[in-house]
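Structure file my_file13.csv (CSV, C-alpha atoms) follows.
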chain,number,residue,atom,x,y,z
J,190,MET,CA,0.0,0.0,0.0
J,191,ARG,CA,1.2,3.5,-0.7
J,192,ASP,CA,2.7,5.1,2.4
J,193,GLN,CA,0.9,8.4,2.9
J,194,THR,CA,3.5,9.6,5.3
J,195,GLU,CA,6.2,9.5,2.6
J,196,ALA,CA,7.5,12.7,1.1
J,197,PRO,CA,6.0,13.5,-2.3
J,198,SER,CA,8.1,12.5,-5.3
J,199,ALA,CA,9.0,15.0,-8.0
J,200,SER,CA,6.9,14.9,-11.1
J,201,PRO,CA,8.4,13.1,-14.2
J,202,ALA,CA,8.9,16.5,-15.9
J,203,GLU,CA,10.8,17.8,-12.9
J,204,ALA,CA,12.8,14.7,-12.1
J,205,GLY,CA,13.7,13.2,-15.5
J,206,PRO,CA,13.5,9.5,-16.5
J,207,ASP,CA,15.7,8.2,-13.7
J,208,ALA,CA,13.2,9.2,-11.1
J,209,LEU,CA,10.4,7.0,-12.7
J,210,PRO,CA,9.8,3.4,-11.5
J,211,ALA,CA,11.5,0.9,-13.9
J,212,ALA,CA,8.1,-0.3,-15.1
J,213,ASN,CA,7.3,3.2,-16.4
J,214,ARG,CA,10.6,3.8,-18.1
J,215,GLY,CA,10.7,1.1,-20.7
J,216,GLY,CA,13.9,-0.6,-21.8
J,217,GLY,CA,14.3,-2.6,-18.7
J,218,GLY,CA,14.8,-0.1,-15.9
J,219,ALA,CA,17.5,1.7,-14.2
J,220,GLY,CA,20.9,1.3,-12.6
J,221,ALA,CA,23.1,-1.8,-12.8
J,222,GLY,CA,26.5,-2.8,-11.4
J,223,ALA,CA,29.8,-2.0,-12.8
J,224,GLY,CA,30.9,-4.0,-15.8
J,225,ALA,CA,27.4,-4.5,-17.1
J,226,GLY,CA,26.6,-5.6,-20.6
J,227,VAL,CA,27.4,-3.6,-23.7
J,228,GLY,CA,24.5,-1.6,-25.1
J,229,VAL,CA,22.5,-1.7,-21.8
J,230,ARG,CA,21.6,1.8,-20.5
J,231,HIS,CA,22.3,2.2,-16.7
J,232,ALA,CA,21.2,5.1,-14.7
J,233,ARG,CA,23.1,6.5,-11.7
J,234,PRO,CA,22.5,4.9,-8.3
J,235,ARG,CA,19.6,6.1,-6.2
J,236,PRO,CA,20.2,8.2,-3.1
J,237,PRO,CA,20.3,6.0,0.0
J,238,GLY,CA,17.3,6.2,2.3
J,239,GLU,CA,15.1,8.3,0.1
J,240,HIS,CA,11.3,8.4,0.7
J,241,ARG,CA,9.4,7.3,-2.4
J,242,LEU,CA,5.8,6.7,-3.5
J,243,TRP,CA,4.8,3.4,-5.1
J,244,PRO,CA,1.7,2.0,-6.8
J,245,ARG,CA,-0.8,0.2,-4.6
J,246,SER,CA,0.0,-3.2,-6.2
J,247,PHE,CA,2.8,-4.9,-8.1
J,248,ALA,CA,0.5,-7.6,-9.5
J,249,ASP,CA,1.4,-6.6,-13.0
J,250,ARG,CA,5.0,-7.9,-12.3
J,251,LEU,CA,3.8,-11.5,-11.8
J,252,THR,CA,5.1,-14.0,-14.4
J,253,THR,CA,2.0,-16.1,-14.0
J,254,PRO,CA,-1.3,-15.4,-12.2
J,255,LEU,CA,-1.6,-16.5,-8.6
J,256,PRO,CA,-3.4,-19.7,-7.8
J,257,GLY,CA,-7.2,-19.6,-7.7
J,258,LEU,CA,-9.8,-21.4,-5.5
J,259,ARG,CA,-9.7,-24.5,-7.7
J,260,ALA,CA,-5.9,-24.9,-7.1
J,261,PHE,CA,-6.3,-24.4,-3.4
J,262,ALA,CA,-9.1,-27.0,-3.3
J,263,ARG,CA,-6.9,-29.5,-5.1
J,264,LEU,CA,-4.0,-28.9,-2.7
J,265,ALA,CA,-6.3,-29.4,0.3
J,266,ARG,CA,-7.7,-32.6,-1.3
J,267,GLU,CA,-4.3,-34.1,-2.1
J,268,GLY,CA,-2.8,-33.0,1.2
J,269,ALA,CA,0.6,-32.7,-0.3
J,270,PHE,CA,2.0,-30.1,2.2
J,271,ARG,CA,4.8,-32.0,3.8
J,272,PRO,CA,7.0,-35.1,3.1
J,273,GLY,CA,5.8,-38.4,4.3
J,274,PRO,CA,7.7,-40.4,7.0
J,275,GLU,CA,10.1,-41.8,4.4
J,276,GLY,CA,11.0,-38.3,3.2
J,277,LEU,CA,11.7,-37.1,6.7
J,278,ARG,CA,14.1,-39.9,7.5
J,279,GLY,CA,16.9,-38.0,5.9
J,280,ILE,CA,16.8,-35.2,8.5
J,281,PRO,CA,19.8,-36.7,10.5
J,282,ASP,CA,21.8,-36.7,7.2
J,283,LEU,CA,21.3,-33.0,6.4
J,284,PRO,CA,24.7,-31.4,6.2
J,285,TYR,CA,25.6,-29.2,9.1
J,286,ALA,CA,29.2,-28.2,9.8
J,287,PRO,CA,29.4,-24.9,11.6
J,288,ALA,CA,32.9,-23.3,11.8
J,289,PRO,CA,34.3,-20.0,12.6
J,290,LEU,CA,34.0,-17.3,9.9
J,291,PRO,CA,37.1,-17.2,7.8
J,292,ALA,CA,39.4,-14.3,7.7
J,293,VAL,CA,38.9,-12.3,4.5
J,294,ALA,CA,41.7,-10.4,2.8
J,295,ALA,CA,41.1,-7.0,1.3
J,296,GLY,CA,39.4,-7.4,-2.1
J,297,ALA,CA,38.3,-11.0,-1.4
J,298,VAL,CA,34.7,-12.3,-1.3
J,299,SER,CA,33.5,-14.8,1.3
J,300,ALA,CA,30.1,-16.6,1.6
J,301,THR,CA,28.9,-18.4,4.7
J,302,TRP,CA,25.6,-20.3,4.6
J,303,ALA,CA,23.6,-19.7,7.8
J,304,GLY,CA,20.7,-21.8,6.5
J,305,HIS,CA,17.8,-21.4,4.1
J,306,ALA,CA,18.3,-18.1,2.2
J,307,SER,CA,20.4,-16.5,5.0
J,308,TRP,CA,24.1,-15.8,4.0
J,309,VAL,CA,26.9,-13.9,5.6
J,310,LEU,CA,28.6,-12.2,2.7
J,311,ARG,CA,31.9,-10.3,3.0
J,312,ILE,CA,32.4,-8.2,-0.1
J,313,GLY,CA,34.2,-4.9,-0.7
J,314,GLY,CA,35.1,-4.7,3.0
J,315,LEU,CA,31.4,-5.0,4.1
J,316,THR,CA,29.6,-7.7,6.0
J,317,VAL,CA,26.2,-8.2,4.4
J,318,LEU,CA,23.3,-10.4,5.6
J,319,THR,CA,20.8,-11.8,3.1
J,320,ASP,CA,17.2,-12.5,4.2
J,321,PRO,CA,18.4,-13.1,7.8
J,322,VAL,CA,16.3,-15.7,9.6
J,323,TRP,CA,17.9,-16.7,12.9
J,324,SER,CA,14.6,-17.7,14.5
J,325,ARG,CA,14.0,-21.4,15.4
J,326,ARG,CA,10.5,-21.3,13.9
J,327,ILE,CA,8.6,-19.2,11.4
J,328,LEU,CA,4.9,-18.8,11.0
J,329,GLY,CA,3.1,-21.9,9.7
J,330,THR,CA,6.0,-24.4,9.7
J,331,PRO,CA,7.6,-26.9,12.0
J,332,ALA,CA,10.8,-25.9,13.8
J,333,ARG,CA,14.1,-25.8,11.9
J,334,MET,CA,15.5,-29.1,10.8
J,335,THR,CA,19.1,-27.8,11.2
J,336,PRO,CA,20.2,-25.1,13.6
J,337,VAL,CA,21.4,-21.7,12.4
J,338,GLY,CA,24.9,-22.2,11.0
J,339,VAL,CA,26.4,-19.0,12.6
J,340,ARG,CA,25.6,-18.0,16.2
J,341,TRP,CA,24.4,-14.4,16.3
J,342,GLU,CA,27.0,-13.6,18.9
J,343,GLU,CA,29.8,-14.7,16.5
J,344,LEU,CA,28.8,-12.3,13.7
J,345,PRO,CA,31.1,-9.4,12.9
J,346,PRO,CA,29.4,-6.0,12.9
J,347,VAL,CA,26.7,-6.1,10.2
J,348,ASP,CA,27.2,-3.3,7.6
J,349,ALA,CA,24.0,-4.0,5.6
J,350,VAL,CA,21.1,-6.3,5.1
J,351,VAL,CA,19.3,-7.2,1.8
J,352,ILE,CA,15.8,-8.5,1.8
J,353,SER,CA,14.4,-10.3,-1.3
J,354,HIS,CA,10.6,-10.2,-0.4
J,355,ASN,CA,8.3,-10.2,2.5
J,356,HIS,CA,7.4,-13.9,3.0
J,357,TYR,CA,8.0,-15.0,6.6
J,358,ASP,CA,10.9,-17.3,5.7
J,359,HIS,CA,12.8,-14.4,4.2
J,360,LEU,CA,11.6,-11.4,6.3
J,361,ASP,CA,11.9,-12.3,9.9
J,362,ALA,CA,10.9,-9.6,12.3
J,363,PRO,CA,12.4,-11.2,15.5
J,364,THR,CA,15.8,-11.5,13.7
J,365,LEU,CA,15.7,-7.9,12.5
J,366,LYS,CA,15.0,-6.7,16.0
J,367,ARG,CA,18.4,-7.9,17.0
J,368,LEU,CA,20.1,-5.4,14.7
J,369,PRO,CA,20.9,-1.8,15.6
J,370,ARG,CA,18.2,0.5,14.1
J,371,ALA,CA,20.8,2.4,12.1
J,372,THR,CA,21.8,-0.7,10.1
J,373,PRO,CA,21.3,0.0,6.4
J,374,LEU,CA,18.5,-2.1,4.9
J,375,PHE,CA,18.1,-2.6,1.2
J,376,VAL,CA,14.6,-3.7,0.4
J,377,PRO,CA,12.1,-4.1,-2.4
J,378,ALA,CA,9.8,-1.3,-3.5
J,379,GLY,CA,7.0,-0.8,-1.0
J,380,LEU,CA,8.7,-2.5,1.9
J,381,ALA,CA,10.4,0.5,3.5
J,382,ARG,CA,7.3,1.5,5.4
J,383,TRP,CA,7.3,-1.9,7.3
J,384,CYS,CA,10.9,-1.4,8.2
J,385,ARG,CA,10.6,2.2,9.3
J,386,ARG,CA,7.6,1.3,11.5
J,387,ARG,CA,10.1,-0.9,13.4
J,388,GLY,CA,12.5,1.9,14.0
J,389,PHE,CA,15.0,1.4,11.1
J,390,THR,CA,16.3,4.8,10.0
J,391,ARG,CA,18.5,3.9,6.9
J,392,VAL,CA,16.1,2.0,4.6
J,393,THR,CA,16.6,2.1,0.8
J,394,GLU,CA,13.8,0.6,-1.3
J,395,LEU,CA,14.4,-0.1,-5.0
J,396,ASP,CA,12.5,-1.1,-8.1
J,397,TRP,CA,13.9,-3.7,-10.5
J,398,TRP,CA,17.1,-2.7,-12.2
J,399,GLU,CA,17.7,0.2,-9.7
J,400,SER,CA,20.8,0.3,-7.5
J,401,ALA,CA,22.3,2.1,-4.6
J,402,GLU,CA,25.8,2.2,-3.1
J,403,LEU,CA,27.3,1.8,0.3
J,404,GLY,CA,31.0,1.8,1.2
J,405,GLY,CA,32.1,1.1,-2.4
J,406,VAL,CA,29.6,-1.8,-2.8
J,407,ARG,CA,26.8,-1.5,-5.3
J,408,PHE,CA,23.5,-3.1,-4.5
J,409,GLU,CA,21.2,-3.6,-7.5
J,410,PHE,CA,17.7,-5.0,-7.2
J,411,VAL,CA,16.9,-7.5,-10.0
J,412,PRO,CA,13.7,-9.3,-11.1
J,413,ALA,CA,12.6,-12.7,-9.9
J,414,HIS,CA,9.7,-15.1,-10.8
J,415,HIS,CA,7.9,-14.9,-7.5
J,416,TRP,CA,5.3,-12.9,-5.5
J,417,SER,CA,4.7,-11.2,-2.1
J,418,LYS,CA,2.2,-11.6,0.7
J,419,ARG,CA,2.4,-11.3,4.4
J,420,SER,CA,-1.3,-11.2,5.5
J,421,LEU,CA,-4.7,-12.1,4.1
J,422,LEU,CA,-5.2,-8.8,2.2
J,423,ASP,CA,-1.8,-7.7,1.0
J,424,ALA,CA,-0.8,-9.9,-1.9
J,425,CYS,CA,1.7,-8.2,-4.2
J,426,ARG,CA,1.5,-4.9,-2.3
J,427,THR,CA,5.3,-4.9,-2.2
J,428,LEU,CA,7.8,-6.0,-4.8
J,429,TRP,CA,10.0,-9.1,-4.9
J,430,GLY,CA,13.3,-9.9,-6.5
J,431,GLY,CA,17.0,-10.7,-6.1
J,432,TRP,CA,20.2,-8.7,-5.5
J,433,MET,CA,23.4,-8.2,-7.4
J,434,LEU,CA,26.3,-7.1,-5.2
J,435,SER,CA,29.4,-5.8,-6.9
J,436,ALA,CA,32.6,-4.3,-5.6
J,437,ALA,CA,36.2,-3.9,-6.8
J,438,GLY,CA,38.5,-6.9,-6.0
J,439,ALA,CA,42.1,-6.9,-5.0
J,440,THR,CA,43.3,-6.6,-8.6
J,441,GLY,CA,40.8,-3.9,-9.4
J,442,ALA,CA,38.5,-6.3,-11.3
J,443,VAL,CA,34.8,-6.2,-10.2
J,444,LYS,CA,33.6,-9.1,-8.1
J,445,LYS,CA,29.9,-9.9,-8.5
J,446,VAL,CA,27.7,-12.0,-6.2
J,447,TYR,CA,24.1,-12.7,-7.3
J,448,PHE,CA,21.6,-13.5,-4.5
J,449,ALA,CA,18.4,-14.9,-6.1
J,450,GLY,CA,16.2,-14.8,-3.1
J,451,ASP,CA,13.1,-16.9,-3.9
J,452,THR,CA,12.2,-17.6,-7.5
J,453,GLY,CA,10.9,-19.9,-10.1
J,454,TYR,CA,12.8,-20.5,-13.3
J,455,GLY,CA,12.2,-18.2,-16.3
J,456,HIS,CA,13.5,-15.6,-18.7
J,457,TRP,CA,14.8,-13.2,-16.1
J,458,PHE,CA,18.0,-15.2,-15.5
J,459,GLY,CA,19.2,-14.7,-19.1
J,460,GLU,CA,18.4,-10.9,-18.9
J,461,ILE,CA,20.3,-10.6,-15.6
J,462,GLY,CA,23.3,-12.4,-17.1
J,463,ARG,CA,23.2,-10.1,-20.2
J,464,ARG,CA,23.3,-7.0,-18.0
J,465,HIS,CA,25.9,-8.5,-15.6
J,466,PRO,CA,28.4,-10.6,-17.5
J,467,GLY,CA,31.1,-12.3,-15.4
J,468,ILE,CA,29.1,-13.1,-12.3
J,469,ASP,CA,31.5,-14.8,-9.9
J,470,LEU,CA,29.0,-16.5,-7.6
J,471,ALA,CA,25.2,-17.2,-7.9
J,472,LEU,CA,23.3,-18.1,-4.7
J,473,LEU,CA,20.4,-20.0,-6.1
J,474,PRO,CA,17.4,-21.8,-4.4
J,475,ILE,CA,17.0,-25.5,-5.0
J,476,GLY,CA,14.3,-26.6,-2.6
J,477,ALA,CA,10.5,-26.2,-1.7
J,478,TYR,CA,9.5,-27.4,-5.2
J,479,ALA,CA,6.9,-30.2,-4.7
J,480,PRO,CA,4.2,-30.7,-5.7
J,481,ARG,CA,5.4,-29.4,-9.0
J,482,TRP,CA,2.0,-28.4,-10.3
J,483,TRP,CA,1.6,-26.1,-7.3
J,484,LEU,CA,5.1,-24.6,-6.9
J,485,ARG,CA,6.6,-24.6,-10.4
J,486,ASP,CA,6.0,-20.9,-11.1
J,487,VAL,CA,7.5,-19.6,-7.9
J,488,HIS,CA,10.2,-22.2,-6.8
J,489,ALA,CA,12.9,-23.6,-9.1
J,490,ASP,CA,13.7,-27.2,-8.7
J,491,PRO,CA,17.4,-28.4,-8.7
J,492,GLU,CA,17.7,-28.9,-12.4
J,493,GLU,CA,16.1,-25.6,-13.1
J,494,ALA,CA,18.5,-23.9,-10.7
J,495,VAL,CA,21.5,-25.4,-12.5
J,496,GLN,CA,20.0,-24.2,-15.8
J,497,ALA,CA,19.5,-20.7,-14.2
J,498,CYS,CA,23.2,-20.7,-13.4
J,499,LEU,CA,24.0,-21.4,-17.0
J,500,ASP,CA,21.6,-18.7,-18.2
J,501,LEU,CA,23.3,-16.2,-15.8
J,502,GLY,CA,26.7,-17.2,-17.1
J,503,ALA,CA,27.8,-17.4,-13.5
J,504,ARG,CA,31.2,-19.1,-12.8
J,505,ARG,CA,30.1,-20.7,-9.5
J,506,MET,CA,26.8,-21.8,-7.9
J,507,ALA,CA,25.9,-22.1,-4.2
J,508,PRO,CA,22.6,-23.9,-3.6
J,509,MET,CA,20.3,-22.6,-0.8
J,510,HIS,CA,16.7,-22.6,0.3
J,511,TRP,CA,16.7,-26.3,1.3
J,512,GLY,CA,17.6,-28.4,4.4
J,513,THR,CA,16.3,-25.8,6.9
J,514,PHE,CA,12.5,-25.5,7.0
J,515,VAL,CA,9.9,-28.0,5.9
J,516,LEU,CA,8.0,-26.0,3.3
J,517,SER,CA,6.9,-28.6,0.7
J,518,SER,CA,6.6,-32.3,0.1
J,519,GLU,CA,9.9,-33.4,-1.5
J,520,PRO,CA,12.1,-35.7,0.6
J,521,VAL,CA,14.4,-33.5,2.6
J,522,MET,CA,17.7,-34.8,1.1
J,523,GLU,CA,16.4,-34.9,-2.5
J,524,PRO,CA,17.3,-31.3,-3.5
J,525,LEU,CA,21.0,-31.9,-2.7
J,526,GLN,CA,21.1,-35.3,-4.5
J,527,ARG,CA,19.4,-33.8,-7.6
J,528,VAL,CA,21.5,-30.6,-7.8
J,529,ARG,CA,24.7,-32.7,-7.7
J,530,ALA,CA,23.5,-34.9,-10.5
J,531,ALA,CA,22.3,-32.0,-12.6
J,532,TRP,CA,25.7,-30.2,-12.1
J,533,ALA,CA,27.6,-33.3,-13.1
J,534,ARG,CA,25.6,-33.5,-16.4
J,535,THR,CA,26.8,-30.0,-17.3
J,536,GLY,CA,30.4,-31.1,-17.4
J,537,LEU,CA,31.4,-28.0,-15.4
J,538,PRO,CA,34.2,-28.3,-12.8
J,539,ARG,CA,32.9,-30.0,-9.6
J,540,GLU,CA,34.6,-27.5,-7.4
J,541,HIS,CA,32.5,-24.7,-8.9
J,542,LEU,CA,29.4,-26.1,-7.2
J,543,TRP,CA,29.6,-24.8,-3.7
J,544,ASP,CA,27.2,-27.3,-2.1
J,545,LEU,CA,28.0,-26.1,1.4
J,546,PRO,CA,26.8,-27.6,4.7
J,547,VAL,CA,24.9,-25.2,6.9
J,548,GLY,CA,27.5,-23.2,8.7
J,549,ALA,CA,30.3,-23.7,6.2
J,550,SER,CA,32.1,-20.9,4.2
J,551,ARG,CA,33.9,-20.5,1.0
J,552,THR,CA,36.2,-17.7,-0.2
J,553,LEU,CA,36.9,-16.4,-3.7
Take the structure in this file and express it as structure tokens.
Amino acid sequence: MRDQTEAPSASPAEAGPDALPAANRGGGGAGAGAGAGVGVRHARPRPPGEHRLWPRSFADRLTTPLPGLRAFARLAREGAFRPGPEGLRGIPDLPYAPAPLPAVAAGAVSATWAGHASWVLRIGGLTVLTDPVWSRRILGTPARMTPVGVRWEELPPVDAVVISHNHYDHLDAPTLKRLPRATPLFVPAGLARWCRRRGFTRVTELDWWESAELGGVRFEFVPAHHWSKRSLLDACRTLWGGWMLSAAGATGAVKKVYFAGDTGYGHWFGEIGRRHPGIDLALLPIGAYAPRWWLRDVHADPEEAVQACLDLGARRMAPMHWGTFVLSSEPVMEPLQRVRAAWARTGLPREHLWDLPVGASRTL
């Protein structure tokens, strides 16, 4: 919903094309990270923390329509919400290997999987959390199958947080309450109001293809095949997407990390790769995909995630969004088994698949 307390935006005639939401500009939107594709127009980064007005709904951004009553009736009739007993037997085998965060040299990039879509990224000298969920339980699901991979007390000072969308397994109010209220938050269009109501003072909300900068790191919000909803009456009132983080490395070359958030498979991956050639690491979801008829449009399966990595042109892939919460009906170990098999079929180097245990780290 439009925040009536926000400061009014300049009119298009006053502000120029870069002030318009990406959907109104044409040509795919605004800013992108350094080193983007030839022939793609990129506007300057947005000012951090600006107050903006947004449309009441982002339903026009949906790749496919949301399920109707008939689909919900089928889901209730089939009862395919959770794995059966056989599918849950793999819980003791879920990979969990917490270790101290590695030291990161200047210009290096490090990724530590805390579980689900939560990562501790060190890039450009900053520590960035993605979709931080440190709670034991989220609304509507059983408790975590694996503990959080990094104890909150062991985190370095958090320089920024990125949020992909407002679903409870990605936007966790109890976890955000642990942060200082001056922590910079980068969020989708329409979500700043929720954050500011909870006392956060440095909130930057972006449309697709828009970017902002902090401490030499560029944060660009990119499209995803998903949706948003946090209550009965707010479907698609805020935007959803992924994040491209880019910063100069030790040799001066730009390092790029793509965090997909939550997404189905589709055309956006190729477009993101075209705008951002040379992605060093893609953090891609591989779980919560069954039953397929219900979740295909919004959750990639392991084979689709590997194809997304190829579409992106990313050098490395780190699977996520599996092994933490029981959100769907596939056996709990199946996503890892299938992504390893799909990766092997590509012929790409095995070491470029960062199939980390919860709590483990890898450094570029």
field: Distance query region 485-494 of chain J at most 12 Å, only C-alpha atoms, self and fewer than 6 positions along chain excluded, as a count of residues only
entry: 59
query: Gly512 (chain J): which residues within 9 Å, counting all atoms listed in the file, same-chain residues fewer than 5 positions away excluded, as a ChimeraX atom specification?
result: /J:280,283-284,304-305,333-335,476,521-522,524-525,547
- request: Find the residues near Leu374 (chain J): any atom within 9 Å, counting all atoms listed in the file, skip ones fewer than 6 places away on the same chain, and give them as a list in words.
  value: Gly238, Ala349, Val350, Val351, Ile352, Ala381, Cys384, Phe389, Thr390, Arg391, Val392, Thr393 and Glu394 of chain J
message: Need the shell around Ser550 (chain J): protein/DNA/RNA residues with any atom at most 12 Å away, counting all atoms listed in the file. Skip same-chain ones fewer than 5 positions apart. Format as a PyMOL selection string?
response: chain J and resi 285-293+298-304+308-311+338-339+507+543-545
- request: Would you mind reading off the distance between CA of Trp397 (chain J) and CA of Pro412 (chain J), one decimal, in Å?
  value: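 Computing it gives 5.6 Å between the two atoms.
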- request: Can you work out the spacing between CA of Thr427 (chain J) and CA of Arg463 (chain J) in Å, to one decimal?
  value: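 So the answer is 25.9 Å.
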